[in-house]
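Q: One file is attached below, input.csv, containing CSV, C-alpha atoms.
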chain,number,residue,atom,x,y,z
A,1,MET,CA,131.8,81.6,105.2
A,2,VAL,CA,130.3,78.8,107.3
A,3,SER,CA,129.9,79.7,111.0
A,4,PHE,CA,131.1,77.3,113.7
A,5,GLU,CA,127.7,77.4,115.4
A,6,ALA,CA,125.8,76.6,112.2
A,7,TYR,CA,128.2,73.7,111.2
A,8,PHE,CA,128.1,72.0,114.6
A,9,ASP,CA,124.5,72.9,115.5
A,10,ARG,CA,123.2,69.4,116.2
A,11,GLN,CA,126.2,68.5,118.4
A,12,ILE,CA,125.9,71.9,120.2
A,13,ARG,CA,122.3,71.0,121.0
A,14,LEU,CA,123.6,67.6,122.3
A,15,TRP,CA,126.3,68.8,124.8
A,16,GLY,CA,126.5,72.6,124.6
A,17,GLU,CA,128.9,75.1,122.9
A,18,GLU,CA,131.5,74.9,125.6
A,19,THR,CA,132.1,71.2,125.1
A,20,GLN,CA,132.0,71.6,121.3
A,21,ARG,CA,134.7,74.3,121.4
A,22,ARG,CA,136.9,72.1,123.7
A,23,LEU,CA,137.0,69.5,121.0
A,24,ARG,CA,139.0,72.0,118.9
A,25,ASN,CA,141.9,71.4,121.3
A,26,LYS,CA,141.9,67.6,120.8
A,27,THR,CA,144.1,65.5,118.5
A,28,ILE,CA,143.5,62.0,117.2
A,29,ALA,CA,145.6,59.7,115.1
A,30,ILE,CA,143.9,57.1,112.8
A,31,ILE,CA,146.2,54.3,111.8
A,32,GLY,CA,145.1,53.0,108.5
A,33,CYS,CA,142.8,54.8,106.0
A,34,GLY,CA,141.1,51.8,104.4
A,35,GLY,CA,137.7,50.4,105.4
A,36,LEU,CA,137.6,51.3,109.1
A,37,GLY,CA,139.9,54.2,108.6
A,38,SER,CA,137.9,56.0,106.0
A,39,SER,CA,134.7,55.6,107.9
A,40,LEU,CA,136.4,56.7,111.2
A,41,ALA,CA,137.9,59.8,109.4
A,42,THR,CA,134.5,60.7,107.9
A,43,ALA,CA,132.8,60.4,111.3
A,44,LEU,CA,135.5,62.1,113.5
A,45,GLY,CA,137.0,64.5,111.0
A,46,THR,CA,133.7,66.4,110.8
A,47,SER,CA,132.9,66.2,114.6
A,48,GLY,CA,134.9,69.2,115.7
A,49,ILE,CA,138.1,67.5,116.8
A,50,GLY,CA,140.8,70.1,116.0
A,51,LYS,CA,143.6,68.0,114.6
A,52,VAL,CA,143.5,64.7,112.8
A,53,HIS,CA,146.5,62.6,111.8
A,54,LEU,CA,146.0,60.0,109.1
A,55,VAL,CA,148.5,57.2,108.6
A,56,ASP,CA,148.7,55.0,105.6
A,57,PHE,CA,151.3,54.1,103.0
A,58,ASP,CA,148.9,52.2,100.7
A,59,GLU,CA,147.2,53.2,97.5
A,60,VAL,CA,143.5,52.9,96.6
A,61,GLY,CA,142.8,49.7,94.7
A,62,VAL,CA,139.5,49.1,92.8
A,63,HIS,CA,138.7,46.2,95.2
A,64,ASN,CA,138.8,48.6,98.1
A,65,ILE,CA,136.2,51.1,96.9
A,66,HIS,CA,133.0,49.1,97.7
A,67,ARG,CA,133.6,49.2,101.5
A,68,GLN,CA,136.0,52.2,101.9
A,69,ILE,CA,133.6,55.0,101.8
A,70,ALA,CA,136.0,57.9,101.3
A,71,PHE,CA,137.0,56.7,97.8
A,72,THR,CA,135.6,56.7,94.3
A,73,ILE,CA,136.7,55.1,91.1
A,74,ASP,CA,138.6,58.2,90.3
A,75,ASP,CA,140.8,57.7,93.3
A,76,GLU,CA,142.3,54.4,92.2
A,77,GLY,CA,146.1,54.6,92.5
A,78,ARG,CA,146.1,57.5,94.9
A,79,ASN,CA,147.6,57.4,98.4
A,80,LYS,CA,144.8,56.6,100.9
A,81,ALA,CA,145.9,59.0,103.7
A,82,GLU,CA,146.3,62.0,101.2
A,83,THR,CA,143.0,61.2,99.6
A,84,VAL,CA,141.1,61.0,102.9
A,85,ALA,CA,142.8,64.2,104.1
A,86,ALA,CA,141.7,66.1,101.0
A,87,LEU,CA,138.1,64.9,101.5
A,88,LEU,CA,138.1,66.1,105.1
A,89,ARG,CA,139.4,69.5,104.2
A,90,ARG,CA,136.5,69.9,101.7
A,91,LYS,CA,133.9,68.8,104.2
A,92,ASN,CA,135.1,70.7,107.3
A,93,PRO,CA,136.7,74.2,107.4
A,94,PHE,CA,137.4,73.8,111.2
A,95,VAL,CA,139.8,70.8,111.1
A,96,GLU,CA,143.6,70.6,110.6
A,97,VAL,CA,144.4,67.3,108.8
A,98,THR,CA,147.9,65.9,108.4
A,99,ALA,CA,148.5,62.9,106.0
A,100,HIS,CA,151.4,60.6,106.9
A,101,THR,CA,152.2,58.4,103.9
A,102,CYS,CA,154.2,55.9,105.8
A,103,ASP,CA,153.7,52.8,108.0
A,104,PHE,CA,153.0,52.9,111.7
A,105,ALA,CA,156.7,52.4,112.7
A,106,ALA,CA,157.7,55.5,110.8
A,107,PHE,CA,154.8,57.5,112.2
A,108,ALA,CA,155.7,56.4,115.7
A,109,ARG,CA,159.2,57.8,115.3
A,110,LYS,CA,157.7,61.3,114.6
A,111,GLY,CA,156.6,61.6,118.2
A,112,VAL,CA,153.2,63.0,117.3
A,113,GLU,CA,151.1,63.8,120.4
A,114,ALA,CA,147.5,62.5,120.3
A,115,ASP,CA,144.7,62.3,122.9
A,116,VAL,CA,143.6,59.0,121.5
A,117,ILE,CA,144.8,56.6,118.8
A,118,LEU,CA,142.3,54.7,116.6
A,119,ASP,CA,143.3,51.3,115.1
A,120,ALA,CA,142.1,50.9,111.6
A,121,THR,CA,144.6,48.3,110.5
A,122,ASP,CA,143.9,44.7,109.4
A,123,ASN,CA,147.1,43.4,111.0
A,124,LEU,CA,147.6,42.0,114.5
A,125,PRO,CA,151.4,42.6,114.7
A,126,VAL,CA,150.8,46.3,113.9
A,127,ARG,CA,148.1,46.4,116.6
A,128,ALA,CA,150.6,45.0,119.0
A,129,GLU,CA,153.0,47.8,118.0
A,130,ILE,CA,150.2,50.3,118.5
A,131,ASP,CA,149.6,48.9,122.0
A,132,ARG,CA,153.2,49.1,123.0
A,133,TYR,CA,153.5,52.7,121.7
A,134,ALA,CA,150.3,53.8,123.3
A,135,LYS,CA,151.2,52.3,126.7
A,136,ALA,CA,154.6,53.9,126.6
A,137,ARG,CA,153.0,57.3,126.0
A,138,GLN,CA,150.1,56.6,128.4
A,139,THR,CA,147.7,57.3,125.5
A,140,PRO,CA,144.4,55.3,125.2
A,141,TRP,CA,143.7,53.5,121.9
A,142,ILE,CA,140.7,52.0,120.3
A,143,TYR,CA,140.9,48.6,118.6
A,144,GLY,CA,138.6,47.6,115.8
A,145,SER,CA,138.5,44.5,113.5
A,146,VAL,CA,136.0,43.1,111.0
A,147,GLU,CA,135.7,39.8,109.2
A,148,ALA,CA,132.7,38.5,107.3
A,149,PHE,CA,129.6,39.4,109.4
A,150,ASN,CA,131.3,40.0,112.7
A,151,GLY,CA,133.6,42.5,114.4
A,152,GLN,CA,135.3,43.5,117.6
A,153,VAL,CA,135.9,46.8,119.4
A,154,CYS,CA,137.8,47.7,122.6
A,155,PHE,CA,138.9,50.9,124.3
A,156,PHE,CA,142.3,50.0,125.5
A,157,ASP,CA,143.4,51.8,128.6
A,158,LYS,CA,145.0,49.4,131.1
A,159,ALA,CA,144.1,46.1,129.4
A,160,ASP,CA,146.8,43.9,128.0
A,161,PHE,CA,146.6,43.3,124.2
A,162,LYS,CA,148.9,40.3,124.6
A,163,VAL,CA,145.7,38.3,125.4
A,164,PHE,CA,145.4,38.1,121.6
A,165,THR,CA,147.5,35.5,119.7
A,166,ILE,CA,149.7,37.7,117.5
A,167,SER,CA,149.8,36.2,114.0
A,168,ASP,CA,149.8,37.5,110.4
A,169,HIS,CA,146.2,36.4,109.8
A,170,LYS,CA,144.5,38.5,107.1
A,171,PRO,CA,140.7,38.8,107.1
A,172,GLY,CA,138.8,36.9,104.5
A,173,GLY,CA,135.6,38.2,103.0
A,174,ILE,CA,134.1,41.3,104.5
A,175,ALA,CA,130.5,42.7,104.4
A,176,ALA,CA,130.7,46.4,103.8
A,177,PRO,CA,128.0,47.4,106.3
A,178,MET,CA,129.8,45.7,109.1
A,179,VAL,CA,132.9,47.8,108.4
A,180,MET,CA,130.8,51.0,108.8
A,181,HIS,CA,129.1,49.5,111.9
A,182,ILE,CA,132.3,48.7,113.7
A,183,ALA,CA,133.9,52.0,112.8
A,184,SER,CA,130.8,53.8,114.1
A,185,LEU,CA,131.3,52.0,117.5
A,186,GLN,CA,134.9,53.0,117.6
A,187,ALA,CA,134.1,56.6,116.6
A,188,ASN,CA,131.4,56.8,119.3
A,189,LEU,CA,133.8,55.7,122.0
A,190,ALA,CA,136.4,58.2,120.8
A,191,LEU,CA,134.1,61.1,120.6
A,192,ARG,CA,132.5,60.5,124.0
A,193,TYR,CA,136.0,60.2,125.6
A,194,LEU,CA,137.2,63.4,124.0
A,195,ALA,CA,134.0,65.3,124.9
A,196,GLY,CA,134.5,64.2,128.6
A,197,LEU,CA,131.6,61.7,128.7
A,198,SER,CA,131.8,58.3,130.3
A,199,VAL,CA,133.1,55.4,128.2
A,200,ALA,CA,133.4,51.7,128.9
A,201,LYS,CA,137.2,51.0,129.0
A,202,ASP,CA,139.0,47.7,128.7
A,203,LYS,CA,136.0,45.7,127.6
A,204,LEU,CA,135.9,43.8,124.4
A,205,PHE,CA,132.7,44.2,122.4
A,206,TYR,CA,132.1,41.3,120.0
A,207,LEU,CA,129.3,41.9,117.5
A,208,TYR,CA,128.1,39.2,115.2
A,209,VAL,CA,125.1,38.7,112.9
A,210,THR,CA,123.1,35.5,113.0
A,211,ASP,CA,122.0,33.5,109.9
A,212,GLU,CA,118.8,35.5,110.1
A,213,GLY,CA,120.6,38.8,110.1
A,214,MET,CA,120.0,39.6,113.8
A,215,PRO,CA,122.8,41.6,115.4
A,216,VAL,CA,124.1,40.2,118.7
A,217,MET,CA,126.6,41.9,121.0
A,218,GLN,CA,128.7,40.1,123.6
A,219,THR,CA,130.9,41.9,126.1
A,220,PHE,CA,134.1,40.4,127.7
A,221,GLY,CA,136.3,41.9,130.4
A,222,MET,CA,139.9,42.2,129.4
A,223,PRO,CA,142.9,41.3,131.6
A,224,GLN,CA,144.9,44.2,132.8
A,225,ALA,CA,148.6,44.7,131.8
What do you get writing this file as structure tokens?
A:
Amino acid sequence: MVSFEAYFDRQIRLWGEETQRRLRNKTIAIIGCGGLGSSLATALGTSGIGKVHLVDFDEVGVHNIHRQIAFTIDDEGRNKAETVAALLRRKNPFVEVTAHTCDFAAFARKGVEADVILDATDNLPVRAEIDRYAKARQTPWIYGSVEAFNGQVCFFDKADFKVFTISDHKPGGIAAPMVMHIASLQANLALRYLAGLSVAKDKLFYLYVTDEGMPVMQTFGMPQA
């Protein structure tokens, strides 16, 4: 049997056993289990957070696998939320994972309590729904989006998501490493927040890569709701 102290040794060295044990009382919801979602689940589902809710009605397609790191060729046709949940249970004996094989609207009706919600969708209208839901429940949420060689992240607390023009725009081509990069920024904000460390709230971080491959980060203040 794996011990708690051995499994989380490196994080316990980082912030102590008391903080690590407090994470067991935290709950997160990840909306979408594709590119961002499978990376977020892999990072946060093994961090010591006690309960993880995964939301996705979609099935794994062969075109997903190159950038959606939780899946293999053998997973084609399987529900994404259930597949990621099974992976987390194999990786971490200290996490309780629930897969919701439905869209966000159906999940919202379940009234699940979470300490933070993570957006891993590719859909602005759904993100607007997440914002309304989170504001009504006074729950922070972390936005993430990726397209080509750029991406955006924001920890929404008081900021107004309506600053974005809500459309049904779908991302075009996507570089797989950028998906993992943006998810790692989202995961870092979530983990710091849940561990009681300081986080930058209501600031939009825009990351892009130049033609020479140099990463550039810009930060923008977001208007309050």
Q: Pick out the closest residue to Val55 of chain A from this set: A:Leu36, A:Ala128, A:Ile69, A:Ala81. Count all atoms listed in the file.
A: A:Ala81
Q: Find the residues near Glu5 of chain A: any atom within 10 Å, counting all atoms listed in the file, skip ones fewer than 4 places away on the same chain, and give them as a list in words.
A: Asp9, Arg10, Gln11, Ile12, Glu17, Gln20 and Arg21 of chain A
Q: Write out as number ranges by chain each polymer residue whose atoms come within 9 Å of Phe8 of chain A, counting all atoms listed in the file; drop sequence neighbours fewer than 5 positions from it.
A: A: 3, 13, 17, 20, 46-48
Q: Just write the chosen residues, C-alpha atoms, as a PDB file, in the frame of the given file.
A:
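So the final result, stored in part_11.pdb, reads:
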ATOM      1  CA  SER A   3     129.900  79.700 111.000  1.00  0.00           C
ATOM      2  CA  ARG A  13     122.300  71.000 121.000  1.00  0.00           C
ATOM      3  CA  GLU A  17     128.900  75.100 122.900  1.00  0.00           C
ATOM      4  CA  GLN A  20     132.000  71.600 121.300  1.00  0.00           C
ATOM      5  CA  THR A  46     133.700  66.400 110.800  1.00  0.00           C
ATOM      6  CA  SER A  47     132.900  66.200 114.600  1.00  0.00           C
ATOM      7  CA  GLY A  48     134.900  69.200 115.700  1.00  0.00           C
TER       8      GLY A  48
END
Q: Which residue, A:Gly45, A:Gly35, A:Gly173, A:Phe57, has the smallest gap to Arg90 of chain A when you use all atoms listed in the file?
A: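 Result for the nearest residue to Arg90 of chain A: A:Gly45.
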Q: Atom CA of Met180 of chain A and atom CA of Asp115 of chain A, how far apart in Å?
A: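 So the answer is 22.8 Å.
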Q: Interatomic distance between atom CA of Leu14 of chain A and atom CA of Ile49 of chain A?
A: 15.5 Å
Q: With distances taken over all atoms listed in the file, which residue among A:Ala43, A:Ala134, A:Val112, A:Ile31 lies nearest Leu189 of chain A?
A: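 The closest residue to Leu189 of chain A is A:Ala43.
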